[in-house]
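Everything below concerns the one structure shown next.
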Amino acid sequence: MSSLWSAAFIAGAFVFGYIGDRYWVGVLKILSSILSIFSLSLVLFSSDTVLIIAGYVAHALALSCGRIAISITILESIDPEAWGRINSILRGIYWILRGLVVYLLLGMGFGDSIVAIMAAISLGLILTLPEPYYRRLFYRIEGLLSRIYQGLNGSSLVLITDSWGDIYSSQIITRLWGGLRDESPLALATSTSLLTLSIELIATPAPSALLKDLGKEGVGLYLAITSILVGIVSIVTPVSRIQSRILLAETIMTISSIALLTTLIENHWGSGLLALLLATASASYQLAELGNYNSYNGLTYGYGSGVYLAVREAGGLVGGILSGIITLSLSYQYALSVAVIVTLASIVIKIYRA
């Protein structure tokens, strides 16, 4: 079911991202509303398995559509310097609300009502989004002109200081190209995809590892508390686009994974330590992913959000499938070992991206 959800989200991110980059946010708002109502109706009021699956697919499409609509609205309404901070706050609020919903579902018998209320609030927020007015386009033009100027400025210096004619023409071209192309958004998205694959290898089998000691209610409480803590950390620890902070978050995630692996191999630590390390890995991932997203927006001037979300979710899809295969055929320890390797690969790609 989760794999189908991820596949639908990926397809939706590509399509809705294309629509959003053409400033048809009104279309996205309508589509998100229709898909949300359709999904909620099928999941809550249908007992047929096929219809419930269709409801989950519609939910994935609604989420990708709504997320892109909100993202574009932020990018169009706020100066680029504030994109990172606003994204951190909104991401934090999302995780806190998610944790509260899980907690309420555990302690109350009004699950359907709570889900319906949260869906209504989300719909209200999406429908009240203002229409964009092409600020990203001006940022993009400004950024492109700035890079062209830098490249031409570097080329002029070479022409003035060198007197060897065509021998240095390749240097001129290289400097001009360097001024136009500093970093690769696709490489950054690929690095994030690997990071997402890694956290899926860590987090997907985690409830089963905790179930024996904590029980179902304990695992549910762990999920709720972790979500709330991740939200708080996202708000109070904004990483923005500062690469050193992003790399620090990824390093902490790697160390947490190694500590988890060591703890499971030693096999004499309690579930409390496991839960703490899992929460640390999850929070570190969220900070790193959010920092990468802000960096991606900075490189693309706010365009291509759908591509980023699709590439990122592709890592989640592969990671979810691999986590099940590795854990069932081998063990959770092997899944953690692969997660450490993949995280390191993600860091290497980011450091040496073109």
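We name chains A, B, ... following the order of the structure tokens; residues begin at 1 in each chain, and ligands are numbered from 1 as shown.
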Close residues, stretch 54-71 of chain A itself excluded, 9 Å, only C-alpha atoms, min 5 positions apart in chain, as JSON, numbers by chain: {"A": [1, 2, 4, 5, 6, 7, 8, 9, 10, 11, 12, 13, 15, 16, 17, 20, 25, 26, 28, 29, 31, 32, 33, 34, 35, 36, 38, 39, 40, 41, 42, 43, 49, 76, 87, 122, 123, 125, 126, 129, 302, 305, 306, 309]}
Close residues, stretch 209-222 of chain A itself excluded, 8 Å, only C-alpha atoms, min 6 positions apart in chain, as a PyMOL selection string: chain A and resi 102-103+106+271+274-275
May I have the selected residues written with N, CA and C atoms, as a compact mmCIF listing (two decimals), in the first residue's frame?
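Output file part.txt is given in full below:
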# COMPACT_ATOMS: atom_id res chain seq x y z
N VAL A 102 -1.89 11.81 15.89
CA VAL A 102 -1.58 10.43 16.29
C VAL A 102 -1.92 10.22 17.76
N TYR A 103 -1.55 11.19 18.60
CA TYR A 103 -1.83 11.08 20.03
C TYR A 103 -3.34 11.04 20.31
N LEU A 106 -4.85 7.79 19.44
CA LEU A 106 -4.54 6.76 20.42
C LEU A 106 -5.46 6.85 21.64
N SER A 271 14.66 -0.44 25.01
CA SER A 271 13.97 0.22 23.91
C SER A 271 14.02 1.74 24.03
N LEU A 274 16.91 2.91 22.00
CA LEU A 274 16.58 2.75 20.58
C LEU A 274 15.65 3.86 20.11
N ALA A 275 14.62 4.15 20.91
CA ALA A 275 13.66 5.19 20.55
C ALA A 275 14.35 6.55 20.46
Gap from atom CA of A:Leu105 to atom CA of A:Ile89 - Å, one decimal: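 It comes out at 24.3 Å.
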Residue neighbourhood A:Ala288, 8 Å, only C-alpha atoms, exclusion window fewer than 2 positions, as a ChimeraX atom specification: /A:239,246-247,249-250,284-286,290-292
Those selected residues, please, written with N, CA and C atoms and delivered as a PDB file, in the first residue's frame.
ATOM      1  N   VAL A 239      17.984  25.501   9.419  1.00  0.00           N
ATOM      2  CA  VAL A 239      19.284  25.302   8.764  1.00  0.00           C
ATOM      3  C   VAL A 239      19.429  26.187   7.536  1.00  0.00           C
ATOM      4  N   ILE A 246      23.735  21.850   7.199  1.00  0.00           N
ATOM      5  CA  ILE A 246      23.108  20.698   6.548  1.00  0.00           C
ATOM      6  C   ILE A 246      23.998  19.468   6.681  1.00  0.00           C
ATOM      7  N   LEU A 247      25.293  19.647   6.426  1.00  0.00           N
ATOM      8  CA  LEU A 247      26.230  18.531   6.557  1.00  0.00           C
ATOM      9  C   LEU A 247      26.321  18.050   7.999  1.00  0.00           C
ATOM     10  N   ALA A 249      23.829  18.083  10.145  1.00  0.00           N
ATOM     11  CA  ALA A 249      22.620  17.279  10.356  1.00  0.00           C
ATOM     12  C   ALA A 249      22.778  15.894   9.744  1.00  0.00           C
ATOM     13  N   GLU A 250      23.365  15.815   8.556  1.00  0.00           N
ATOM     14  CA  GLU A 250      23.577  14.519   7.915  1.00  0.00           C
ATOM     15  C   GLU A 250      24.600  13.685   8.683  1.00  0.00           C
ATOM     16  N   SER A 284      17.294  14.692  12.500  1.00  0.00           N
ATOM     17  CA  SER A 284      18.445  15.092  11.682  1.00  0.00           C
ATOM     18  C   SER A 284      18.101  15.023  10.201  1.00  0.00           C
ATOM     19  N   TYR A 285      17.388  13.971   9.816  1.00  0.00           N
ATOM     20  CA  TYR A 285      16.978  13.854   8.413  1.00  0.00           C
ATOM     21  C   TYR A 285      16.093  15.023   8.003  1.00  0.00           C
ATOM     22  N   GLN A 286      15.109  15.352   8.832  1.00  0.00           N
ATOM     23  CA  GLN A 286      14.202  16.444   8.494  1.00  0.00           C
ATOM     24  C   GLN A 286      14.952  17.760   8.317  1.00  0.00           C
ATOM     25  N   LEU A 290      15.203  19.535   4.674  1.00  0.00           N
ATOM     26  CA  LEU A 290      14.669  20.890   4.559  1.00  0.00           C
ATOM     27  C   LEU A 290      15.741  21.860   4.070  1.00  0.00           C
ATOM     28  N   GLY A 291      16.963  21.696   4.575  1.00  0.00           N
ATOM     29  CA  GLY A 291      18.062  22.527   4.095  1.00  0.00           C
ATOM     30  C   GLY A 291      18.344  22.299   2.619  1.00  0.00           C
ATOM     31  N   ASN A 292      18.293  21.038   2.183  1.00  0.00           N
ATOM     32  CA  ASN A 292      18.492  20.734   0.769  1.00  0.00           C
ATOM     33  C   ASN A 292      17.391  21.345  -0.093  1.00  0.00           C
TER      34      ASN A 292
END
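Between atom CA of A:Leu322 and atom CA of A:Ser3 the separation is 11.0 Å.
Minimum atom-to-atom distances from A:Leu201, A:Leu194, A:Ile93, A:Leu261 to A:Glu289 were compared using only C-alpha atoms, and the lowest value belongs to A:Leu194.
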Residue contacts of A:Ile255 (12 Å, only C-alpha atoms) excluding same-chain residues fewer than 5 positions away, as an MDAnalysis selection string: chainID A and resid 248:250 260:262 277:278 280:281 284:285 336:337 339:341 343:344
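Taking only C-alpha atoms into account, A:Gln333 lies nearest to A:Thr263 out of the set A:Gln243, A:Thr237, A:Ser77, A:Thr263.
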Option closest in space to A:Leu299, from A:Trp83, A:Ile19, A:Pro185, A:Leu51 [counting only C-alpha atoms]: A:Pro185
Residue nearest A:Ala224 - candidates A:Gly319, A:Pro205, A:Pro80, A:Gly99, atoms counted: only C-alpha atoms: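 Among the listed residues, A:Gly99 lies closest to A:Ala224.
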